[in-house]
Amino acid sequence: MKKIIHTQNAPQAIGPYSQAVSINNLLFISGQIPANPQTREIVSEISEATHQVMKNLEAILTEAGANFSNVVKTTIFLKDMNDFAVVNEIYASYFQEGVYPARETVQVAKLPSDVKVEISMIAHL
């Protein structure tokens with residue numbers, strides 16, 4: 001049965017989508033941008049922005065009864081591939097070393113609110 005996951009501890013959806021959807025022991029988390037969930041302020045500096053994105057994802061995982069160890073797949077969208085090393089190091093710090101999910105990282109022309117990074121996830125519950 002499909003279940004919509006929603007938390008006040010991550011930015012609210014600003015369009016016709018859910019923060020996450022759970023179905024058949026899988027959790028699909030919509031792409032998260034570096035927006036502060038309380039103020040909606042966008043964090044622009046890339047290292048702080050990446051931490052904010054990961055905190056937003058963590059809040060959604062927690063709401064669903066999961067954590068980063070449950071993540072099986074991620075997609076990282078970058079405005080500038082030159083930010084890859086910084087984002088990669090911070091991203092890796094949220095996972096147990098050597099137990100990383102499958103992933104792709106792509107550079108895109110533009111992201112919502114003109115942010116520098118967006119990350120989506122799939123987790124197994």
# chains A, B, ... in the order shown; residues from 1 in each chain; ligands from 1
call {"tool": "closest_atom_pairs", "arguments": {"of": "segment 45-93 of chain A", "to": "segment 2-19 of chain A", "cutoff": "9 Å", "atoms": "only C-alpha atoms", "output": "tab-separated table"}}
result
residue	atom	partner	partner_atom	distance
A:Lys55	CA	A:Ala10	CA	8.0
A:Asn56	CA	A:Ala10	CA	4.8
A:Leu57	CA	A:Ala10	CA	7.4
A:Glu58	CA	A:Ala10	CA	8.6
A:Ala59	CA	A:Asn9	CA	5.7
A:Ile60	CA	A:Thr7	CA	6.4
A:Glu63	CA	A:Thr7	CA	6.4
A:Ala64	CA	A:Ile5	CA	6.5
call {"tool": "write_last_selection", "arguments": {"atoms": "all heavy atoms", "output": "JSON list (two decimals), in the first residue's frame"}}
result
[["chain", "number", "residue", "atom", "x", "y", "z"],
["A", 55, "LYS", "N", 20.76, 17.00, 5.79],
["A", 55, "LYS", "CA", 19.90, 17.10, 6.97],
["A", 55, "LYS", "C", 18.43, 16.99, 6.58],
["A", 55, "LYS", "O", 17.62, 16.37, 7.28],
["A", 55, "LYS", "CB", 20.15, 18.42, 7.70],
["A", 55, "LYS", "CG", 21.48, 18.46, 8.42],
["A", 55, "LYS", "CD", 21.73, 19.83, 9.01],
["A", 55, "LYS", "CE", 23.15, 19.94, 9.56],
["A", 55, "LYS", "NZ", 23.47, 21.30, 10.00],
["A", 56, "ASN", "N", 18.05, 17.60, 5.46],
["A", 56, "ASN", "CA", 16.67, 17.50, 4.98],
["A", 56, "ASN", "C", 16.33, 16.05, 4.63],
["A", 56, "ASN", "O", 15.25, 15.55, 4.98],
["A", 56, "ASN", "CB", 16.45, 18.41, 3.78],
["A", 56, "ASN", "CG", 16.56, 19.88, 4.12],
["A", 56, "ASN", "OD1", 16.48, 20.28, 5.29],
["A", 56, "ASN", "ND2", 16.75, 20.71, 3.11],
["A", 57, "LEU", "N", 17.26, 15.38, 3.96],
["A", 57, "LEU", "CA", 17.04, 13.97, 3.62],
["A", 57, "LEU", "C", 16.95, 13.11, 4.88],
["A", 57, "LEU", "O", 16.09, 12.24, 4.99],
["A", 57, "LEU", "CB", 18.17, 13.47, 2.71],
["A", 57, "LEU", "CG", 18.17, 14.04, 1.30],
["A", 57, "LEU", "CD1", 19.52, 13.85, 0.65],
["A", 57, "LEU", "CD2", 17.06, 13.42, 0.46],
["A", 58, "GLU", "N", 17.81, 13.39, 5.85],
["A", 58, "GLU", "CA", 17.80, 12.65, 7.11],
["A", 58, "GLU", "C", 16.46, 12.81, 7.84],
["A", 58, "GLU", "O", 15.93, 11.84, 8.41],
["A", 58, "GLU", "CB", 18.95, 13.11, 7.99],
["A", 58, "GLU", "CG", 19.09, 12.33, 9.27],
["A", 58, "GLU", "CD", 20.34, 12.72, 10.04],
["A", 58, "GLU", "OE1", 20.69, 13.92, 10.07],
["A", 58, "GLU", "OE2", 20.96, 11.82, 10.62],
["A", 59, "ALA", "N", 15.90, 14.01, 7.81],
["A", 59, "ALA", "CA", 14.61, 14.25, 8.47],
["A", 59, "ALA", "C", 13.51, 13.40, 7.83],
["A", 59, "ALA", "O", 12.66, 12.86, 8.53],
["A", 59, "ALA", "CB", 14.25, 15.73, 8.39],
["A", 60, "ILE", "N", 13.54, 13.28, 6.53],
["A", 60, "ILE", "CA", 12.54, 12.47, 5.82],
["A", 60, "ILE", "C", 12.76, 10.99, 6.11],
["A", 60, "ILE", "O", 11.80, 10.24, 6.37],
["A", 60, "ILE", "CB", 12.55, 12.78, 4.32],
["A", 60, "ILE", "CG1", 12.14, 14.25, 4.09],
["A", 60, "ILE", "CG2", 11.64, 11.82, 3.56],
["A", 60, "ILE", "CD1", 12.40, 14.76, 2.69],
["A", 63, "GLU", "N", 11.45, 10.29, 9.57],
["A", 63, "GLU", "CA", 9.98, 10.26, 9.59],
["A", 63, "GLU", "C", 9.45, 8.92, 9.09],
["A", 63, "GLU", "O", 8.42, 8.43, 9.55],
["A", 63, "GLU", "CB", 9.42, 11.41, 8.75],
["A", 63, "GLU", "CG", 7.92, 11.52, 8.76],
["A", 63, "GLU", "CD", 7.35, 11.93, 10.12],
["A", 63, "GLU", "OE1", 8.06, 12.56, 10.93],
["A", 63, "GLU", "OE2", 6.16, 11.62, 10.36],
["A", 64, "ALA", "N", 10.18, 8.31, 8.15],
["A", 64, "ALA", "CA", 9.76, 7.03, 7.58],
["A", 64, "ALA", "C", 10.25, 5.84, 8.40],
["A", 64, "ALA", "O", 10.00, 4.69, 8.04],
["A", 64, "ALA", "CB", 10.27, 6.92, 6.15]]
call {"tool": "select_by_dssp", "arguments": {"residues": "chain A", "states": "strand (DSSP E)", "output": "NGL selection string"}}
result
:A and (3-5 or 20-23 or 26-32 or 71-78 or 102-107 or 117-124)
call {"tool": "residues_around", "arguments": {"residues": "Thr105 of chain A", "least_positions_apart": "2", "cutoff": "12 Å", "atoms": "only C-alpha atoms", "output": "MDAnalysis selection string"}}
result
chainID A and resid 73:85 87:88 91 102:103 107:108 117:120
call {"tool": "select_by_dssp", "arguments": {"residues": "chain A", "states": "helix (DSSP H, G or I)", "output": "NGL selection string"}}
result
:A and (46-63 or 68-70 or 81-92 or 112-114)
call {"tool": "atom_distance", "arguments": {"atom1": "atom CA of Pro112 of chain A", "atom2": "atom CA of His124 of chain A"}}
result
26.9 Å
call {"tool": "decode", "arguments": {"residues": "segment 78-94 of chain A", "atoms": "all heavy atoms", "output": "compact mmCIF listing (two decimals), in the first residue's frame"}}
result
# COMPACT_ATOMS: atom_id res chain seq x y z
N LEU A 78 24.24 18.57 -9.66
CA LEU A 78 25.10 19.71 -9.37
C LEU A 78 24.97 20.77 -10.45
O LEU A 78 24.90 20.44 -11.64
CB LEU A 78 26.57 19.28 -9.31
CG LEU A 78 26.97 18.34 -8.19
CD1 LEU A 78 28.43 17.92 -8.34
CD2 LEU A 78 26.75 19.01 -6.84
N LYS A 79 24.97 22.01 -10.03
CA LYS A 79 24.97 23.12 -10.99
C LYS A 79 26.35 23.24 -11.64
O LYS A 79 26.47 23.63 -12.80
CB LYS A 79 24.59 24.41 -10.28
CG LYS A 79 24.44 25.60 -11.20
CD LYS A 79 23.94 26.80 -10.43
CE LYS A 79 23.76 27.98 -11.36
NZ LYS A 79 23.28 29.16 -10.62
N ASP A 80 27.39 22.88 -10.88
CA ASP A 80 28.77 23.00 -11.36
C ASP A 80 29.56 21.78 -10.91
O ASP A 80 29.75 21.57 -9.71
CB ASP A 80 29.39 24.29 -10.80
CG ASP A 80 30.78 24.56 -11.31
OD1 ASP A 80 31.40 23.67 -11.95
OD2 ASP A 80 31.27 25.68 -11.08
N MET A 81 30.03 20.98 -11.85
CA MET A 81 30.78 19.77 -11.52
C MET A 81 32.08 20.09 -10.78
O MET A 81 32.65 19.22 -10.14
CB MET A 81 31.06 18.95 -12.78
CG MET A 81 31.48 17.53 -12.51
SD MET A 81 30.32 16.54 -11.51
CE MET A 81 29.16 15.99 -12.74
N ASN A 82 32.52 21.33 -10.81
CA ASN A 82 33.70 21.72 -10.04
C ASN A 82 33.45 21.62 -8.53
O ASN A 82 34.39 21.62 -7.75
CB ASN A 82 34.15 23.15 -10.39
CG ASN A 82 34.73 23.21 -11.79
OD1 ASN A 82 35.49 22.33 -12.19
ND2 ASN A 82 34.35 24.23 -12.52
N ASP A 83 32.19 21.53 -8.11
CA ASP A 83 31.83 21.37 -6.71
C ASP A 83 31.83 19.89 -6.29
O ASP A 83 31.58 19.59 -5.12
CB ASP A 83 30.45 21.97 -6.42
CG ASP A 83 30.44 23.48 -6.52
OD1 ASP A 83 31.50 24.10 -6.27
OD2 ASP A 83 29.38 24.04 -6.83
N PHE A 84 32.11 19.00 -7.21
CA PHE A 84 32.00 17.56 -6.95
C PHE A 84 32.81 17.11 -5.74
O PHE A 84 32.29 16.40 -4.88
CB PHE A 84 32.41 16.75 -8.19
CG PHE A 84 32.35 15.26 -7.96
CD1 PHE A 84 31.15 14.58 -8.03
CD2 PHE A 84 33.50 14.55 -7.65
CE1 PHE A 84 31.09 13.22 -7.80
CE2 PHE A 84 33.45 13.18 -7.42
CZ PHE A 84 32.25 12.51 -7.50
N ALA A 85 34.07 17.49 -5.64
CA ALA A 85 34.92 17.00 -4.56
C ALA A 85 34.37 17.40 -3.19
O ALA A 85 34.34 16.58 -2.26
CB ALA A 85 36.35 17.51 -4.74
N VAL A 86 33.93 18.65 -3.05
CA VAL A 86 33.38 19.12 -1.78
C VAL A 86 32.10 18.37 -1.44
O VAL A 86 31.93 17.86 -0.33
CB VAL A 86 33.11 20.64 -1.83
CG1 VAL A 86 32.34 21.11 -0.61
CG2 VAL A 86 34.42 21.40 -1.98
N VAL A 87 31.19 18.28 -2.39
CA VAL A 87 29.92 17.59 -2.18
C VAL A 87 30.17 16.11 -1.86
O VAL A 87 29.58 15.56 -0.92
CB VAL A 87 29.00 17.74 -3.41
CG1 VAL A 87 27.77 16.85 -3.29
CG2 VAL A 87 28.60 19.19 -3.59
N ASN A 88 31.06 15.48 -2.60
CA ASN A 88 31.35 14.07 -2.41
C ASN A 88 31.87 13.78 -1.01
O ASN A 88 31.45 12.81 -0.36
CB ASN A 88 32.36 13.61 -3.47
CG ASN A 88 32.44 12.11 -3.57
OD1 ASN A 88 31.44 11.44 -3.73
ND2 ASN A 88 33.65 11.59 -3.48
N GLU A 89 32.77 14.61 -0.52
CA GLU A 89 33.34 14.40 0.82
C GLU A 89 32.27 14.54 1.91
O GLU A 89 32.19 13.72 2.83
CB GLU A 89 34.46 15.41 1.07
CG GLU A 89 35.14 15.24 2.41
CD GLU A 89 36.29 16.20 2.63
OE1 GLU A 89 36.75 16.84 1.67
OE2 GLU A 89 36.71 16.32 3.80
N ILE A 90 31.44 15.56 1.79
CA ILE A 90 30.38 15.76 2.79
C ILE A 90 29.34 14.65 2.71
O ILE A 90 28.94 14.08 3.72
CB ILE A 90 29.74 17.16 2.62
CG1 ILE A 90 30.78 18.23 2.98
CG2 ILE A 90 28.47 17.30 3.46
CD1 ILE A 90 30.43 19.62 2.54
N TYR A 91 28.90 14.33 1.50
CA TYR A 91 27.94 13.25 1.27
C TYR A 91 28.44 11.96 1.93
O TYR A 91 27.72 11.29 2.67
CB TYR A 91 27.76 13.08 -0.24
CG TYR A 91 27.07 11.83 -0.69
CD1 TYR A 91 25.69 11.79 -0.85
CD2 TYR A 91 27.81 10.69 -1.01
CE1 TYR A 91 25.06 10.64 -1.29
CE2 TYR A 91 27.19 9.54 -1.44
CZ TYR A 91 25.82 9.51 -1.58
OH TYR A 91 25.20 8.36 -2.01
N ALA A 92 29.70 11.60 1.68
CA ALA A 92 30.27 10.35 2.20
C ALA A 92 30.25 10.32 3.72
O ALA A 92 30.08 9.25 4.32
CB ALA A 92 31.69 10.17 1.68
N SER A 93 30.38 11.47 4.36
CA SER A 93 30.44 11.52 5.83
C SER A 93 29.12 11.10 6.49
O SER A 93 29.11 10.81 7.68
CB SER A 93 30.86 12.92 6.30
OG SER A 93 29.80 13.84 6.14
N TYR A 94 28.05 11.06 5.75
CA TYR A 94 26.75 10.67 6.30
C TYR A 94 26.49 9.16 6.23
O TYR A 94 25.50 8.68 6.74
CB TYR A 94 25.62 11.42 5.59
CG TYR A 94 25.54 12.87 6.04
CD1 TYR A 94 26.37 13.84 5.49
CD2 TYR A 94 24.64 13.26 7.04
CE1 TYR A 94 26.30 15.16 5.91
CE2 TYR A 94 24.57 14.58 7.46
CZ TYR A 94 25.41 15.52 6.89
OH TYR A 94 25.35 16.82 7.31
